[in-house]
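To start, the structure itself, in structure tokens.
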Amino acid sequence: MNTERWNITSNSDERKTVIEEAVAVLKAGNTVAFPTETVYGLGADATNEIAVAKIFKAKGRPQDNPLIAHVATKDQLKQLTTTYPQYVDKLIDHFAPGPITFVLPSNGVCAKNVTAGLDTVGIRIPNHPVAQHLLQQANLPLAAPSANLSGKPSPTTADHVWDDLNGKIAGLLDDGPTGVGVESTVVDCTGEVPMILRPGGVTKEQLEEVVGKLAQDSAIVDKLDKPKSPGMKYRHYSPELPLLLVEGDTAYMQKQINLKRETYGRVGVLASNRMAKQLTADEIIPLGDHINDIASHLYDGLRTFKQGHVNIILCEAFEKKEIGVAVMNRLEKAASSYLKEK
């Protein structure tokens, strides 16, 4: 398959033409990757089971892993669901468009392979100008998981998508790097009280400011046979090389680097700017000063290390606070081991 790569420009006429071409591809039942404020998504018409099947094929994604339907507006969201609790309107009005997905009762408009046969559907209103333009022009819900090979780190640049899916998808809208860097927060809104199924760009604290205390979080439902949300059942976000999480001070990290050099040879490190500048290793990627910067640069950092450059990656563990909860959720799913200073 030839993958068309459209570069988004500031010229409004050219931008309009590019979006129209992408919409035509989607309406023909094919797949197009596009940027959101979190990561790049791989879109297909969520009402077309054959089109949605092309997402699973391109990604190598397990069939029982549900997809998120993306829409442009609250009105379009309501067209995919039945009744829902009153608190959902508060959450939508406060956080959408934005990095939040609502798991709601499905009315059957979305194809069965979007919902993985469940009676619920995850719906999101992205806050990205290209995603919004695409959804408005298509006037379709777009099923759109991250635009990467299943299990690999999610794509935060068009080049990441190209590396994974060139020749496997019909098109790619290139608008440079995304912002948040980790996927949306998924909130189960089918009960009397909302529950986080996957931490992401909207934090637990932000949600509780709007609707009060949340139900038991996803630690208890991670092992469900039929997950309601992406990111709950399968290993995700893994780089090409073994990844070890290291929790401790700079001296402890350096000690682990030295030990792993004896076993593995060349060692790569992902760390905050503060820690990175104090370490010695074969390759060090500083992720930023603030946890928001770290979240934004995490997947790019994981993808930067290649087989042959280093043989193992050590990554600093971060405080599980605010978006750090989402960062650690992704790192714990990607890591083969977790080393903690005693």
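Residue names in the structure tokens use chain letters A, B, ... in the order shown, residue numbers from 1 in each chain, and ligand numbers from 1 in the order shown.
For Cys189 of chain A, the list of residues within 10 Å, based on only C-alpha atoms and with local chain neighbours fewer than 2 positions off taken out, reads Tyr84, Pro85, Gln86, Tyr87, Val88, Leu91, Thr101, Phe102, Val103, Leu104, Pro105, Thr120, Gly122, Val186, Val187, Gly191, Glu192, Val193, Pro194, Met195 and Ile196 of chain A.
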Review point. Could you pull out the helix (DSSP H, G or I) residues of segment 4-245 of chain A from DSSP and send them as a PyMOL selection string?
Key: chain A and resi 12-27+49-59+74-78+87-95+112-115+129-138+158-165+204-211+218-220
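Comparing A:Val114, A:Leu241, A:Ile169, A:Val25 by their smallest distance to Glu49 of chain A, the closest is A:Val114 (using only C-alpha atoms).
The closest residue to Asp188 of chain A, picked from A:Thr36, A:Val121, A:Glu247, A:Gln254 and counting only C-alpha atoms, is A:Val121.
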Tell me, counting only C-alpha atoms, for each residue of segment 102-169 of chain A within 9 Å of segment 285-302 of chain A, which pair of atoms is nearest and how far apart they are in Å to one decimal, in rows ordered by chain and increasing number, as a Markdown table.
| residue | atom | partner | partner_atom | distance |
| --- | --- | --- | --- | --- |
| A:Pro153 | CA | A:Tyr299 | CA | 5.6 |
| A:Ser154 | CA | A:Tyr299 | CA | 6.2 |
| A:Pro155 | CA | A:Tyr299 | CA | 6.9 |
| A:Thr156 | CA | A:Asp300 | CA | 6.8 |
| A:Thr157 | CA | A:Asp300 | CA | 8.0 |
| A:His160 | CA | A:Asp300 | CA | 8.1 |
Atoms kept (C-alpha atoms) for selection, written as an mmCIF file, in the first residue's frame:
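out-v6.cif, written as the output of this step:
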data_model
loop_
_atom_site.group_PDB
_atom_site.id
_atom_site.type_symbol
_atom_site.label_atom_id
_atom_site.label_comp_id
_atom_site.auth_asym_id
_atom_site.auth_seq_id
_atom_site.Cartn_x
_atom_site.Cartn_y
_atom_site.Cartn_z
ATOM 1 C CA PRO A 153 5.687 3.488 22.343
ATOM 2 C CA SER A 154 2.897 5.728 21.105
ATOM 3 C CA PRO A 155 3.771 8.245 18.360
ATOM 4 C CA THR A 156 4.169 11.902 19.267
ATOM 5 C CA THR A 157 5.540 12.945 15.854
ATOM 6 C CA HIS A 160 7.144 7.992 14.572
#
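Secondary structure from DSSP on the backbone puts strand (DSSP E or B) at the following positions of segment 125-173 of chain A: Leu142, Ala143, Ser146, Gly171, Leu172 and Leu173 of chain A.
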Could you give me, as an mmCIF file with N, CA, C and O atoms, in the first residue's frame, the residues within 10 Å of Leu134 of chain A, counting only C-alpha atoms and dropping anything in the same chain fewer than 5 positions from it?
data_model
loop_
_atom_site.group_PDB
_atom_site.id
_atom_site.type_symbol
_atom_site.label_atom_id
_atom_site.label_comp_id
_atom_site.auth_asym_id
_atom_site.auth_seq_id
_atom_site.Cartn_x
_atom_site.Cartn_y
_atom_site.Cartn_z
ATOM 1 N N LYS A 16 -7.017 23.429 3.726
ATOM 2 C CA LYS A 16 -8.370 22.979 3.419
ATOM 3 C C LYS A 16 -8.330 21.844 2.401
ATOM 4 O O LYS A 16 -9.029 20.830 2.543
ATOM 5 N N VAL A 18 -5.845 19.741 1.767
ATOM 6 C CA VAL A 18 -5.257 18.550 2.374
ATOM 7 C C VAL A 18 -6.290 17.813 3.231
ATOM 8 O O VAL A 18 -6.425 16.584 3.160
ATOM 9 N N ILE A 19 -7.029 18.567 4.038
ATOM 10 C CA ILE A 19 -8.055 17.948 4.894
ATOM 11 C C ILE A 19 -9.138 17.289 4.039
ATOM 12 O O ILE A 19 -9.593 16.178 4.333
ATOM 13 N N GLU A 20 -9.527 17.953 2.962
ATOM 14 C CA GLU A 20 -10.549 17.376 2.065
ATOM 15 C C GLU A 20 -10.067 16.055 1.458
ATOM 16 O O GLU A 20 -10.838 15.101 1.330
ATOM 17 N N ALA A 22 -7.885 13.998 2.815
ATOM 18 C CA ALA A 22 -7.883 13.008 3.897
ATOM 19 C C ALA A 22 -9.298 12.520 4.197
ATOM 20 O O ALA A 22 -9.524 11.324 4.419
ATOM 21 N N VAL A 23 -10.260 13.428 4.181
ATOM 22 C CA VAL A 23 -11.664 13.062 4.424
ATOM 23 C C VAL A 23 -12.153 12.096 3.341
ATOM 24 O O VAL A 23 -12.849 11.107 3.641
ATOM 25 N N LEU A 26 -10.929 8.672 4.117
ATOM 26 C CA LEU A 26 -11.670 8.088 5.235
ATOM 27 C C LEU A 26 -13.063 7.628 4.795
ATOM 28 O O LEU A 26 -13.519 6.542 5.159
ATOM 29 N N PHE A 34 -3.620 10.946 12.130
ATOM 30 C CA PHE A 34 -3.737 12.396 12.312
ATOM 31 C C PHE A 34 -3.313 12.786 13.719
ATOM 32 O O PHE A 34 -3.377 11.974 14.653
ATOM 33 N N VAL A 71 -14.936 12.420 18.125
ATOM 34 C CA VAL A 71 -15.958 13.277 17.523
ATOM 35 C C VAL A 71 -15.570 14.730 17.726
ATOM 36 O O VAL A 71 -14.699 15.048 18.545
ATOM 37 N N ALA A 72 -16.240 15.621 16.999
ATOM 38 C CA ALA A 72 -15.876 17.044 17.041
ATOM 39 C C ALA A 72 -16.614 17.818 18.127
ATOM 40 O O ALA A 72 -16.102 18.826 18.623
ATOM 41 N N HIS A 128 -7.389 19.602 19.227
ATOM 42 C CA HIS A 128 -6.265 19.864 18.308
ATOM 43 C C HIS A 128 -6.867 20.414 17.029
ATOM 44 O O HIS A 128 -7.833 19.842 16.502
ATOM 45 N N PRO A 129 -6.345 21.506 16.500
ATOM 46 C CA PRO A 129 -6.983 22.130 15.341
ATOM 47 C C PRO A 129 -7.097 21.218 14.127
ATOM 48 O O PRO A 129 -8.108 21.242 13.417
ATOM 49 N N ASN A 139 -17.580 14.730 9.319
ATOM 50 C CA ASN A 139 -18.909 14.569 9.922
ATOM 51 C C ASN A 139 -19.180 13.092 10.226
ATOM 52 O O ASN A 139 -20.276 12.574 10.021
ATOM 53 N N LEU A 140 -18.120 12.416 10.696
ATOM 54 C CA LEU A 140 -18.174 11.005 11.062
ATOM 55 C C LEU A 140 -17.439 10.823 12.386
ATOM 56 O O LEU A 140 -16.445 11.519 12.641
ATOM 57 N N LEU A 142 -14.654 8.984 14.259
ATOM 58 C CA LEU A 142 -13.477 8.259 13.796
ATOM 59 C C LEU A 142 -12.916 7.414 14.929
ATOM 60 O O LEU A 142 -12.526 7.947 15.982
ATOM 61 N N LEU A 173 -1.519 12.677 8.146
ATOM 62 C CA LEU A 173 -1.528 14.142 8.239
ATOM 63 C C LEU A 173 -0.413 14.570 9.185
ATOM 64 O O LEU A 173 -0.460 14.289 10.392
#
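Closest approach to Lys342 of chain A from the set A:Val246, A:Val109, A:Val325, A:Ala143 is made by A:Val246, with distances taken over only C-alpha atoms.
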Fewer than 2 positions away in the same chain doesn't count, so skip those; otherwise give me all residues within 12 Å of Asn48 of chain A, counting only C-alpha atoms, as a compact mmCIF listing (two decimals) with all heavy atoms, in the first residue's frame.
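The result, written out as out_6.txt:
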# COMPACT_ATOMS: atom_id res chain seq x y z
N LEU A 26 -10.93 8.67 4.12
CA LEU A 26 -11.67 8.09 5.23
C LEU A 26 -13.06 7.63 4.80
O LEU A 26 -13.52 6.54 5.16
CB LEU A 26 -11.79 9.10 6.38
CG LEU A 26 -10.50 9.38 7.15
CD1 LEU A 26 -10.63 10.65 7.98
CD2 LEU A 26 -10.14 8.20 8.05
N LYS A 27 -13.73 8.45 4.00
CA LYS A 27 -15.08 8.10 3.56
C LYS A 27 -15.09 6.93 2.57
O LYS A 27 -16.11 6.27 2.40
CB LYS A 27 -15.77 9.33 2.96
CG LYS A 27 -16.15 10.36 4.01
CD LYS A 27 -17.07 11.43 3.49
CE LYS A 27 -17.59 12.29 4.61
NZ LYS A 27 -18.53 13.35 4.16
N ALA A 28 -13.93 6.69 1.97
CA ALA A 28 -13.80 5.53 1.08
C ALA A 28 -13.51 4.24 1.86
O ALA A 28 -13.33 3.18 1.27
CB ALA A 28 -12.68 5.78 0.06
N GLY A 29 -13.47 4.36 3.20
CA GLY A 29 -13.28 3.18 4.04
C GLY A 29 -11.84 2.83 4.32
O GLY A 29 -11.52 1.67 4.63
N ASN A 30 -10.96 3.84 4.26
CA ASN A 30 -9.54 3.60 4.51
C ASN A 30 -9.06 4.32 5.77
O ASN A 30 -9.81 5.05 6.40
CB ASN A 30 -8.72 4.03 3.29
CG ASN A 30 -8.98 3.13 2.09
OD1 ASN A 30 -8.87 1.91 2.19
ND2 ASN A 30 -9.34 3.73 0.96
N THR A 31 -7.79 4.12 6.11
CA THR A 31 -7.23 4.63 7.36
C THR A 31 -6.35 5.85 7.13
O THR A 31 -5.57 5.90 6.18
CB THR A 31 -6.38 3.55 8.05
OG1 THR A 31 -5.45 3.00 7.10
CG2 THR A 31 -7.25 2.44 8.60
N GLY A 43 -7.00 6.81 12.34
CA GLY A 43 -8.44 6.96 12.22
C GLY A 43 -9.06 6.14 11.09
O GLY A 43 -8.45 5.93 10.04
N ALA A 44 -10.30 5.70 11.35
CA ALA A 44 -11.15 5.09 10.33
C ALA A 44 -12.59 5.34 10.74
O ALA A 44 -12.88 5.60 11.92
CB ALA A 44 -10.89 3.58 10.21
N ASP A 45 -13.49 5.29 9.78
CA ASP A 45 -14.92 5.50 10.04
C ASP A 45 -15.40 4.51 11.10
O ASP A 45 -15.45 3.30 10.88
CB ASP A 45 -15.69 5.30 8.73
CG ASP A 45 -17.19 5.46 8.86
OD1 ASP A 45 -17.70 5.64 9.99
OD2 ASP A 45 -17.87 5.38 7.82
N ALA A 46 -15.79 5.04 12.27
CA ALA A 46 -16.16 4.19 13.40
C ALA A 46 -17.47 3.45 13.18
O ALA A 46 -17.80 2.52 13.92
CB ALA A 46 -16.25 5.02 14.68
N ILE A 50 -15.68 -2.81 8.33
CA ILE A 50 -14.58 -3.20 7.43
C ILE A 50 -13.45 -2.18 7.51
O ILE A 50 -12.27 -2.54 7.56
CB ILE A 50 -15.09 -3.33 5.98
CG1 ILE A 50 -16.09 -4.49 5.89
CG2 ILE A 50 -13.93 -3.54 5.01
CD1 ILE A 50 -16.80 -4.60 4.56
N ALA A 51 -13.81 -0.90 7.57
CA ALA A 51 -12.78 0.15 7.69
C ALA A 51 -12.05 0.03 9.02
O ALA A 51 -10.82 0.13 9.08
CB ALA A 51 -13.44 1.53 7.57
N VAL A 52 -12.80 -0.21 10.09
CA VAL A 52 -12.19 -0.34 11.42
C VAL A 52 -11.26 -1.55 11.47
O VAL A 52 -10.19 -1.50 12.11
CB VAL A 52 -13.29 -0.45 12.51
CG1 VAL A 52 -12.69 -0.80 13.87
CG2 VAL A 52 -14.06 0.86 12.60
N ALA A 53 -11.61 -2.62 10.78
CA ALA A 53 -10.76 -3.81 10.76
C ALA A 53 -9.37 -3.50 10.20
O ALA A 53 -8.38 -4.14 10.58
CB ALA A 53 -11.42 -4.91 9.92
N LYS A 54 -9.28 -2.49 9.33
CA LYS A 54 -7.98 -2.10 8.76
C LYS A 54 -7.07 -1.48 9.82
O LYS A 54 -5.84 -1.55 9.70
CB LYS A 54 -8.19 -1.13 7.59
CG LYS A 54 -8.90 -1.77 6.40
CD LYS A 54 -9.17 -0.78 5.28
CE LYS A 54 -9.92 -1.44 4.13
NZ LYS A 54 -10.23 -0.51 3.04
N ILE A 55 -7.65 -0.87 10.85
CA ILE A 55 -6.85 -0.36 11.97
C ILE A 55 -6.17 -1.52 12.68
O ILE A 55 -4.96 -1.50 12.94
CB ILE A 55 -7.73 0.43 12.97
CG1 ILE A 55 -8.27 1.71 12.35
CG2 ILE A 55 -6.94 0.74 14.24
CD1 ILE A 55 -9.23 2.47 13.25
N ALA A 69 -13.72 6.23 19.98
CA ALA A 69 -14.35 6.99 18.90
C ALA A 69 -14.14 8.48 19.14
O ALA A 69 -14.44 9.00 20.21
CB ALA A 69 -15.84 6.68 18.83
N GLY A 108 -25.08 1.46 19.69
CA GLY A 108 -24.92 0.59 18.54
C GLY A 108 -24.54 1.27 17.25
O GLY A 108 -24.34 0.61 16.23
N VAL A 109 -24.39 2.60 17.26
CA VAL A 109 -23.98 3.32 16.04
C VAL A 109 -22.55 2.94 15.65
O VAL A 109 -22.24 2.73 14.47
CB VAL A 109 -24.12 4.84 16.21
CG1 VAL A 109 -23.47 5.58 15.04
CG2 VAL A 109 -25.59 5.23 16.32
N CYS A 110 -21.67 2.84 16.63
CA CYS A 110 -20.29 2.43 16.34
C CYS A 110 -20.25 0.93 16.05
O CYS A 110 -20.99 0.14 16.63
CB CYS A 110 -19.38 2.74 17.52
SG CYS A 110 -18.96 4.49 17.67
N ALA A 111 -19.37 0.55 15.14
CA ALA A 111 -19.23 -0.85 14.75
C ALA A 111 -18.83 -1.72 15.95
O ALA A 111 -18.20 -1.24 16.89
CB ALA A 111 -18.19 -0.98 13.64
N LYS A 112 -19.17 -3.00 15.87
CA LYS A 112 -18.90 -3.91 16.99
C LYS A 112 -17.41 -4.05 17.29
O LYS A 112 -17.02 -4.28 18.43
CB LYS A 112 -19.50 -5.29 16.70
CG LYS A 112 -21.01 -5.34 16.78
CD LYS A 112 -21.53 -6.74 16.53
CE LYS A 112 -23.05 -6.77 16.63
NZ LYS A 112 -23.60 -8.13 16.37
N ASN A 113 -16.56 -3.92 16.25
CA ASN A 113 -15.13 -4.05 16.51
C ASN A 113 -14.53 -2.79 17.12
O ASN A 113 -13.38 -2.80 17.57
CB ASN A 113 -14.35 -4.49 15.27
CG ASN A 113 -14.65 -3.68 14.03
OD1 ASN A 113 -15.52 -2.82 14.03
ND2 ASN A 113 -13.94 -3.98 12.95
N VAL A 114 -15.28 -1.69 17.17
CA VAL A 114 -14.85 -0.51 17.93
C VAL A 114 -15.03 -0.77 19.41
O VAL A 114 -14.17 -0.45 20.24
CB VAL A 114 -15.66 0.75 17.52
CG1 VAL A 114 -15.34 1.93 18.43
CG2 VAL A 114 -15.38 1.11 16.06
N LEU A 140 -18.12 12.42 10.70
CA LEU A 140 -18.17 11.01 11.06
C LEU A 140 -17.44 10.82 12.39
O LEU A 140 -16.44 11.52 12.64
CB LEU A 140 -17.44 10.14 10.03
CG LEU A 140 -18.03 9.92 8.66
CD1 LEU A 140 -16.97 9.27 7.77
CD2 LEU A 140 -19.27 9.04 8.74
N PRO A 141 -17.88 9.88 13.22
CA PRO A 141 -17.02 9.49 14.34
C PRO A 141 -15.85 8.69 13.79
O PRO A 141 -16.04 7.83 12.91
CB PRO A 141 -17.94 8.63 15.21
CG PRO A 141 -18.94 8.07 14.26
CD PRO A 141 -19.13 9.10 13.18
N LEU A 142 -14.65 8.98 14.26
CA LEU A 142 -13.48 8.26 13.80
C LEU A 142 -12.92 7.41 14.93
O LEU A 142 -12.53 7.95 15.98
CB LEU A 142 -12.39 9.23 13.30
CG LEU A 142 -12.74 10.08 12.08
CD1 LEU A 142 -11.56 10.96 11.70
CD2 LEU A 142 -13.15 9.20 10.89
N ALA A 143 -12.92 6.10 14.74
CA ALA A 143 -12.21 5.22 15.67
C ALA A 143 -10.73 5.49 15.50
O ALA A 143 -10.22 5.50 14.38
CB ALA A 143 -12.53 3.76 15.36
Tell me which protein, DNA and RNA residues are within 8 Å of Glu316 of chain A, counting only C-alpha atoms, leaving out same-chain ones fewer than 3 positions away, and put them as a PDB file with C-alpha atoms, in the first residue's frame.
ATOM      1  CA  LEU A 245      12.813   1.581  35.963  1.00  0.00           C
ATOM      2  CA  VAL A 246      15.085   2.934  38.690  1.00  0.00           C
ATOM      3  CA  GLU A 247      13.679   4.567  41.822  1.00  0.00           C
ATOM      4  CA  GLY A 248      16.280   6.333  43.938  1.00  0.00           C
ATOM      5  CA  MET A 253      21.039   5.532  39.481  1.00  0.00           C
ATOM      6  CA  VAL A 269      19.477   6.562  30.312  1.00  0.00           C
ATOM      7  CA  LEU A 270      16.232   8.553  30.378  1.00  0.00           C
ATOM      8  CA  ALA A 271      16.039  11.046  33.229  1.00  0.00           C
ATOM      9  CA  SER A 272      14.932  14.483  34.308  1.00  0.00           C
TER      10      SER A 272
END
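Atom pair atom CA of Arg124 of chain A / atom CA of Ala144 of chain A: separated by 9.8 Å.
Between Leu80 of chain A and the candidates A:Ile123, A:Leu149, A:Val39, A:Ile68, the tightest atom-to-atom separation, counting only C-alpha atoms, involves A:Ile123.
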Please provide the set of residues having any atom within 7 Å of Gln307 of chain A, restricted to only C-alpha atoms, with same-chain residues fewer than 2 positions apart removed, written as a PDB file with C-alpha atoms, in the first residue's frame.
ATOM      1  CA  GLU A 240      13.175  -1.985  21.137  1.00  0.00           C
ATOM      2  CA  LEU A 241      15.461  -2.703  24.115  1.00  0.00           C
ATOM      3  CA  PHE A 305      17.299   4.370  21.679  1.00  0.00           C
ATOM      4  CA  HIS A 309      23.504   2.116  19.988  1.00  0.00           C
ATOM      5  CA  VAL A 310      22.926   0.800  23.510  1.00  0.00           C
ATOM      6  CA  ASN A 311      21.919  -2.594  24.868  1.00  0.00           C
TER       7      ASN A 311
END
Check your understanding: Which polymer residues have any atom within 10 Å of an atom of Lys260 of chain A, counting only C-alpha atoms, with same-chain residues fewer than 6 positions away left out, as an NGL selection string?
Key -> :A and (254 or 266-267 or 311-314)
Take the residues from that selection and put them in a file with all heavy atoms, as a CSV table (one decimal), in the first residue's frame.
chain,number,residue,atom,x,y,z
A,254,GLN,N,23.4,6.0,39.3
A,254,GLN,CA,24.8,5.8,38.7
A,254,GLN,C,25.3,4.4,39.1
A,254,GLN,O,25.9,3.8,38.3
A,254,GLN,CB,25.7,6.9,39.3
A,254,GLN,CG,27.1,6.9,38.6
A,254,GLN,CD,27.0,7.2,37.1
A,254,GLN,OE1,26.6,8.2,36.7
A,254,GLN,NE2,27.5,6.2,36.3
A,266,ARG,N,26.9,-1.3,26.7
A,266,ARG,CA,26.5,0.1,26.5
A,266,ARG,C,25.1,0.3,27.2
A,266,ARG,O,24.1,-0.5,26.9
A,266,ARG,CB,26.4,0.5,25.0
A,266,ARG,CG,27.8,0.5,24.4
A,266,ARG,CD,27.8,0.8,22.9
A,266,ARG,NE,27.3,2.2,22.7
A,266,ARG,CZ,27.9,3.3,22.9
A,266,ARG,NH1,29.2,3.2,23.2
A,266,ARG,NH2,27.4,4.5,22.6
A,267,VAL,N,25.0,1.4,27.9
A,267,VAL,CA,23.8,1.7,28.7
A,267,VAL,C,23.2,3.0,28.3
A,267,VAL,O,24.0,4.0,28.2
A,267,VAL,CB,24.1,1.6,30.2
A,267,VAL,CG1,22.8,2.1,31.0
A,267,VAL,CG2,24.4,0.2,30.7
A,311,ASN,N,22.5,-1.2,24.7
A,311,ASN,CA,21.9,-2.6,24.9
A,311,ASN,C,20.8,-2.7,25.9
A,311,ASN,O,20.1,-3.7,26.0
A,311,ASN,CB,23.0,-3.6,25.2
A,311,ASN,CG,24.1,-3.6,24.1
A,311,ASN,OD1,23.7,-3.7,22.9
A,311,ASN,ND2,25.4,-3.6,24.5
A,312,ILE,N,20.7,-1.7,26.7
A,312,ILE,CA,19.7,-1.6,27.8
A,312,ILE,C,19.4,-0.2,28.1
A,312,ILE,O,20.3,0.7,28.0
A,312,ILE,CB,20.1,-2.4,29.0
A,312,ILE,CG1,19.0,-2.6,30.0
A,312,ILE,CG2,21.3,-1.7,29.7
A,312,ILE,CD1,19.3,-3.6,31.1
A,313,ILE,N,18.2,0.1,28.6
A,313,ILE,CA,17.8,1.5,28.9
A,313,ILE,C,17.4,1.5,30.4
A,313,ILE,O,16.6,0.7,30.9
A,313,ILE,CB,16.5,2.0,28.1
A,313,ILE,CG1,16.8,1.8,26.6
A,313,ILE,CG2,16.2,3.4,28.5
A,313,ILE,CD1,15.5,1.9,25.8
A,314,LEU,N,17.9,2.5,31.1
A,314,LEU,CA,17.5,2.7,32.5
A,314,LEU,C,16.8,4.0,32.5
A,314,LEU,O,17.2,5.0,31.9
A,314,LEU,CB,18.7,2.8,33.4
A,314,LEU,CG,19.2,1.5,34.1
A,314,LEU,CD1,19.6,0.5,33.0
A,314,LEU,CD2,20.4,1.8,35.0
Check your understanding: Distance atom CA of Ala170 of chain A-atom CA of Asn2 of chain A, one decimal place?
Key -> 6.6 Å
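Going from atom CA of Lys59 of chain A over to atom CA of Asn148 of chain A, you cover 6.2 Å.
Among the candidate residues A:Gln216, A:His133, A:Lys306, A:Asp89, the one lying nearest to Ser12 of chain A is A:His133, with distances computed using only C-alpha atoms.
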